[in-house]
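Asker: Supplied in structure tokens, the structure appears directly below.
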Amino acid sequence: MPQLALLHGRAWAALFGQLRRSPRAVCIRMVHSHSQVAEAVLTSQRKPHQEKSNFIIKTPKGTRDLSPQQMVVREKILDMVISCFKRHGAKGLDTPAFELKEMLTEKYGEDSGLIYDLKDQGGELLSLRYDLTVPFARYLAMNKLKKMKRYHVGKVWRRESPTIVQGRYREFCQCDFDIAGQFDPMIPDAECLKIICEILSGLQLGDFLIKISWKAVRHEMVAKKGLAPEVADQIGDYVQCHGGVSLVEQMFQDPRLSQNKQALEGLGDLKLLFEYLTLFGIAEKISFDLSLARGLDYYTGVIYEAVLLQTPAQAEEEPLNVGSVAAGGRYDGLVGMFDPNGHKVPCVGLSIGVERIFSIVEQRMKTFGEKVRTTETQVFVATPQKNFLQERLKLIAELWDAGIKAELLYKNNPKLLTQLHYCENMGIPLVVIIGEQELKEGVIKLRSVASREEVAIKRENLVAEIQKRLSES
């Protein structure tokens with residue numbers, strides 16, 4: 001359309017420029033100009049139709065729309081996760097969906113190739129955020145914060161091959177909880193593991209196990225911790241083992257390990273962690289597993305990952321391999337990478353795999369034929385008679401003003417049966433009915449959709465009666 005507007009303006013300019021010439025010349029120019037406009041209009045009308053035949057309406061690869069039914073389930077999951085974060089004293093935080101590209105580079109190791117880069121927009125090289133952890137570290141360094149407990153729920157983007165059936169997407173939601181600051185060893189780490197247990201137990205996904213380990217065992221100990229290769233190999237003997245505090249105690253008793261200062265410090269931290277986990281009542285949910293290794297470069301210490309365990313009670317369900325449903329760890333050096341002076345802020349955190357959890361819940365709902373309400377409407381305003389739209393509007397305004405969730409049909413004269421069927425289909429529990437008789441007597445009929453029982457309530461008592469019934473349901 002901009003091209004058409006420009007052409008149209010030029011055509012008129014040409015006409016005005018010919019006003020001093022003969023009428024015949026003006027007529028000729030006018031015909032020519034109008035033919036140009038007409039041709040442009042026909043071209044603009046033809047082009048979309050020509051292109052439309054090759055156009056496929058779909059979402060981009062690795063993304064999806066969420067239906068109203070799916071949004072109800074998703075919001076319930078997020079509400080439970082966020083309420084747990086708040087219960088542990090976290091503050092909410094949000095950061096931009098995209099960051100300066102240099103802020104994200106060299107933070108993810110081999111996974112850096114999965115970052116979505118944006119085209120140059122006004123001189124800045126930008127990338128979509130890959131996770132919520134690096135933006136949090138940037139926020140701490142930029143604002144010179146040394147201590148913070150925060151949660152963040154938001155979308156992130158990764159340019160990997162999506163596996164939709166396993167809950168893996170290119171665009172997905174992350175729910176993060178992190179504790180930043182210098183504290184006594186293992187107390188924040190233990191709280192993060194406690195939070196994972198609370199969330200997974202609350203969502204009733206079935207039995208689960210949280211594996212904990214050190215970041216990139218052998219490479220970390222040889223290349224970064226300065227351990228001799230032979231000592232790392234001795235620790236490697238335990239890589240195939242997994243267990244609780246007893247395994248840590250066994251490693252403590254191994255003279256090959258107890259003679260090394262770094263190994264002894266690490267084992268001491270893990271022993272202390274298991275003491276706290278025992279006090280929290282979750283030690284049986286934790287398995288010390290040295291084979292676990294998380295790929296992101298910024299982890300520096302204890303790492304953990306939660307997996308669901310298939311139980312006999314779930315035999316009727318189709319197995320769903322979704323991998324880990326929560327993960328996290330300690331990253332003490334990430335904030336220092338953004339600070340000009342390299343000042344470090346120790347951090348530990350966790351991320352809940354909402355998309356994978358949602359895939360599990362969605363599959364179970366299909367298996368058991370569960371249905372969900374897509375609205376929260378509590379009361380429907382109906383009438384059996386014509387020309388009662390004004391009275392319905394006045395009545396529904398009273399309910400809205402009282403904080404009651406209410407609906408009506410957008411018709412002047414709807415049939416009563418149509419209105420009642422709508423309530424049954426949408427799962428609305430109560431109907432208020434107003435007609436000529438009710439208007440004369442100053443009452444409103446209150447109907448229970450489930451039992452179909454009706455009672456007449458004085459209009460001034462209607463709101464109180466509805467609130468009472470809703471509180472009892």
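In the structure tokens, the first chain shown is A, the next is B, and so on; residue numbers restart at 1 for each chain, and ligands run from 1 in the order shown.
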Quick one: everything within 8 Å of range 407-412 of chain A, counting only C-alpha atoms, minus sequence neighbours fewer than 5 positions away in the same chain. Send it as a compact mmCIF listing (two decimals) with N, CA and C atoms, in the first residue's frame.
Answerer:
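The resulting part.txt:
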```
# COMPACT_ATOMS: atom_id res chain seq x y z
N THR A 377 -15.61 -18.62 35.36
CA THR A 377 -16.91 -17.98 35.60
C THR A 377 -17.66 -18.71 36.71
N VAL A 379 -20.84 -17.34 38.01
CA VAL A 379 -22.29 -17.08 37.92
C VAL A 379 -22.64 -16.65 36.50
N PHE A 380 -23.78 -17.15 36.02
CA PHE A 380 -24.28 -16.73 34.71
C PHE A 380 -25.59 -15.97 34.92
N VAL A 381 -25.73 -14.82 34.26
CA VAL A 381 -26.94 -14.00 34.37
C VAL A 381 -27.86 -14.32 33.21
N ALA A 382 -29.07 -14.83 33.52
CA ALA A 382 -30.00 -15.28 32.48
C ALA A 382 -31.38 -14.65 32.67
N LYS A 386 -38.18 -11.68 26.86
CA LYS A 386 -37.60 -10.73 25.92
C LYS A 386 -37.50 -9.35 26.55
N ASN A 387 -36.67 -8.51 25.92
CA ASN A 387 -36.52 -7.09 26.31
C ASN A 387 -36.06 -6.93 27.75
N PHE A 388 -35.17 -7.82 28.20
CA PHE A 388 -34.64 -7.71 29.57
C PHE A 388 -33.13 -7.49 29.57
N LEU A 389 -32.57 -7.02 28.45
CA LEU A 389 -31.13 -6.81 28.38
C LEU A 389 -30.66 -5.79 29.39
N ARG A 392 -30.50 -7.26 32.83
CA ARG A 392 -29.36 -8.19 32.92
C ARG A 392 -28.04 -7.44 33.06
N ILE A 396 -25.54 -7.85 36.21
CA ILE A 396 -24.17 -8.37 36.08
C ILE A 396 -23.15 -7.34 36.55
N GLN A 419 -29.32 -20.56 27.22
CA GLN A 419 -28.49 -20.02 28.31
C GLN A 419 -28.12 -21.11 29.32
```
Asker: Applying 12 Å and only C-alpha atoms, which residues near Ile404 in chain A remain after dropping the ones on its own chain fewer than 5 positions away? List them as a PDB file with N, CA and C atoms, in the first residue's frame.
Answerer:
```pdb
ATOM      1  N   GLU A 376     -13.138 -19.315  34.531  1.00  0.00           N
ATOM      2  CA  GLU A 376     -13.384 -19.383  35.969  1.00  0.00           C
ATOM      3  C   GLU A 376     -14.722 -18.743  36.342  1.00  0.00           C
ATOM      4  N   THR A 377     -15.609 -18.617  35.359  1.00  0.00           N
ATOM      5  CA  THR A 377     -16.909 -17.981  35.597  1.00  0.00           C
ATOM      6  C   THR A 377     -17.663 -18.706  36.705  1.00  0.00           C
ATOM      7  N   GLN A 378     -18.166 -17.939  37.664  1.00  0.00           N
ATOM      8  CA  GLN A 378     -18.879 -18.509  38.814  1.00  0.00           C
ATOM      9  C   GLN A 378     -20.391 -18.402  38.674  1.00  0.00           C
ATOM     10  N   VAL A 379     -20.844 -17.343  38.012  1.00  0.00           N
ATOM     11  CA  VAL A 379     -22.291 -17.077  37.922  1.00  0.00           C
ATOM     12  C   VAL A 379     -22.638 -16.651  36.499  1.00  0.00           C
ATOM     13  N   PHE A 380     -23.781 -17.146  36.018  1.00  0.00           N
ATOM     14  CA  PHE A 380     -24.284 -16.729  34.715  1.00  0.00           C
ATOM     15  C   PHE A 380     -25.592 -15.971  34.923  1.00  0.00           C
ATOM     16  N   VAL A 381     -25.731 -14.821  34.265  1.00  0.00           N
ATOM     17  CA  VAL A 381     -26.939 -14.000  34.371  1.00  0.00           C
ATOM     18  C   VAL A 381     -27.862 -14.324  33.210  1.00  0.00           C
ATOM     19  N   LEU A 395     -27.736  -6.084  36.562  1.00  0.00           N
ATOM     20  CA  LEU A 395     -27.484  -7.156  37.526  1.00  0.00           C
ATOM     21  C   LEU A 395     -26.046  -7.668  37.434  1.00  0.00           C
ATOM     22  N   ILE A 396     -25.542  -7.850  36.211  1.00  0.00           N
ATOM     23  CA  ILE A 396     -24.175  -8.373  36.082  1.00  0.00           C
ATOM     24  C   ILE A 396     -23.153  -7.338  36.553  1.00  0.00           C
ATOM     25  N   ALA A 397     -23.478  -6.043  36.398  1.00  0.00           N
ATOM     26  CA  ALA A 397     -22.587  -4.992  36.908  1.00  0.00           C
ATOM     27  C   ALA A 397     -22.464  -5.085  38.428  1.00  0.00           C
ATOM     28  N   GLU A 398     -23.584  -5.389  39.105  1.00  0.00           N
ATOM     29  CA  GLU A 398     -23.549  -5.556  40.571  1.00  0.00           C
ATOM     30  C   GLU A 398     -22.623  -6.708  40.958  1.00  0.00           C
ATOM     31  N   LEU A 399     -22.705  -7.802  40.200  1.00  0.00           N
ATOM     32  CA  LEU A 399     -21.870  -8.969  40.511  1.00  0.00           C
ATOM     33  C   LEU A 399     -20.396  -8.665  40.247  1.00  0.00           C
ATOM     34  N   LEU A 430     -23.426 -21.639  39.028  1.00  0.00           N
ATOM     35  CA  LEU A 430     -24.642 -20.942  39.462  1.00  0.00           C
ATOM     36  C   LEU A 430     -25.220 -20.087  38.334  1.00  0.00           C
ATOM     37  N   LEU A 462     -28.579 -10.963  47.428  1.00  0.00           N
ATOM     38  CA  LEU A 462     -28.095 -11.877  46.397  1.00  0.00           C
ATOM     39  C   LEU A 462     -26.582 -12.055  46.442  1.00  0.00           C
ATOM     40  N   VAL A 463     -25.839 -10.954  46.499  1.00  0.00           N
ATOM     41  CA  VAL A 463     -24.378 -11.040  46.483  1.00  0.00           C
ATOM     42  C   VAL A 463     -23.871 -11.850  47.662  1.00  0.00           C
ATOM     43  N   ALA A 464     -24.416 -11.605  48.858  1.00  0.00           N
ATOM     44  CA  ALA A 464     -23.985 -12.333  50.056  1.00  0.00           C
ATOM     45  C   ALA A 464     -24.281 -13.824  49.932  1.00  0.00           C
ATOM     46  N   GLU A 465     -25.441 -14.172  49.374  1.00  0.00           N
ATOM     47  CA  GLU A 465     -25.812 -15.578  49.216  1.00  0.00           C
ATOM     48  C   GLU A 465     -24.894 -16.274  48.212  1.00  0.00           C
ATOM     49  N   ILE A 466     -24.576 -15.589  47.120  1.00  0.00           N
ATOM     50  CA  ILE A 466     -23.666 -16.177  46.117  1.00  0.00           C
ATOM     51  C   ILE A 466     -22.273 -16.398  46.727  1.00  0.00           C
ATOM     52  N   GLN A 467     -21.777 -15.407  47.428  1.00  0.00           N
ATOM     53  CA  GLN A 467     -20.449 -15.536  48.052  1.00  0.00           C
ATOM     54  C   GLN A 467     -20.418 -16.663  49.069  1.00  0.00           C
ATOM     55  N   LYS A 468     -21.509 -16.819  49.812  1.00  0.00           N
ATOM     56  CA  LYS A 468     -21.596 -17.920  50.789  1.00  0.00           C
ATOM     57  C   LYS A 468     -21.511 -19.270  50.084  1.00  0.00           C
ATOM     58  N   ARG A 469     -22.299 -19.429  49.005  1.00  0.00           N
ATOM     59  CA  ARG A 469     -22.314 -20.717  48.285  1.00  0.00           C
ATOM     60  C   ARG A 469     -20.955 -21.015  47.652  1.00  0.00           C
ATOM     61  N   LEU A 470     -20.321 -19.993  47.113  1.00  0.00           N
ATOM     62  CA  LEU A 470     -19.016 -20.193  46.474  1.00  0.00           C
ATOM     63  C   LEU A 470     -17.960 -20.585  47.499  1.00  0.00           C
ATOM     64  N   SER A 471     -18.034 -20.016  48.690  1.00  0.00           N
ATOM     65  CA  SER A 471     -17.065 -20.348  49.729  1.00  0.00           C
ATOM     66  C   SER A 471     -17.253 -21.765  50.247  1.00  0.00           C
TER      67      SER A 471
END
```
Asker: Would you compute the distance between CA of Arg74 in chain A and CA of Trp400 in chain A? Give it in Å to one decimal.
Answerer: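 That distance, rounded to one decimal, is 26.1 Å.
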Asker: Determine, counting only C-alpha atoms, which protein, DNA and RNA residues have an atom within 8 Å of an atom of Ala141 in chain A; residues of the same chain fewer than 3 positions away are not included. Present the result as a PyMOL selection string.
Answerer: chain A and resi 137-138+144-145+335-336+338-339
Asker: Keeping C-alpha atoms for every residue in the selection just given, could you write it to a file as a CSV table (one decimal), in the first residue's frame?
Answerer:
```
chain,number,residue,atom,x,y,z
A,137,ALA,CA,24.5,-12.7,36.5
A,138,ARG,CA,24.7,-9.7,34.2
A,144,LYS,CA,26.8,-4.0,41.8
A,145,LEU,CA,24.7,-6.4,43.9
A,335,VAL,CA,29.1,-12.8,37.9
A,336,GLY,CA,32.9,-12.0,37.9
A,338,PHE,CA,30.8,-9.4,33.8
A,339,ASP,CA,32.5,-7.3,36.5
```
Asker: Which parts of range 298-411 of chain A does DSSP call strand (DSSP E or B) when run on the backbone here, written out as a ChimeraX atom specification?
Answerer: /A:302-308,324-330,347-352,379-382,406-407
Asker: So which residues touch Glu102 in chain A within 12 Å, counting only C-alpha atoms, skipping near sequence neighbours fewer than 5 positions away, as a count of residues only?
Answerer: 15
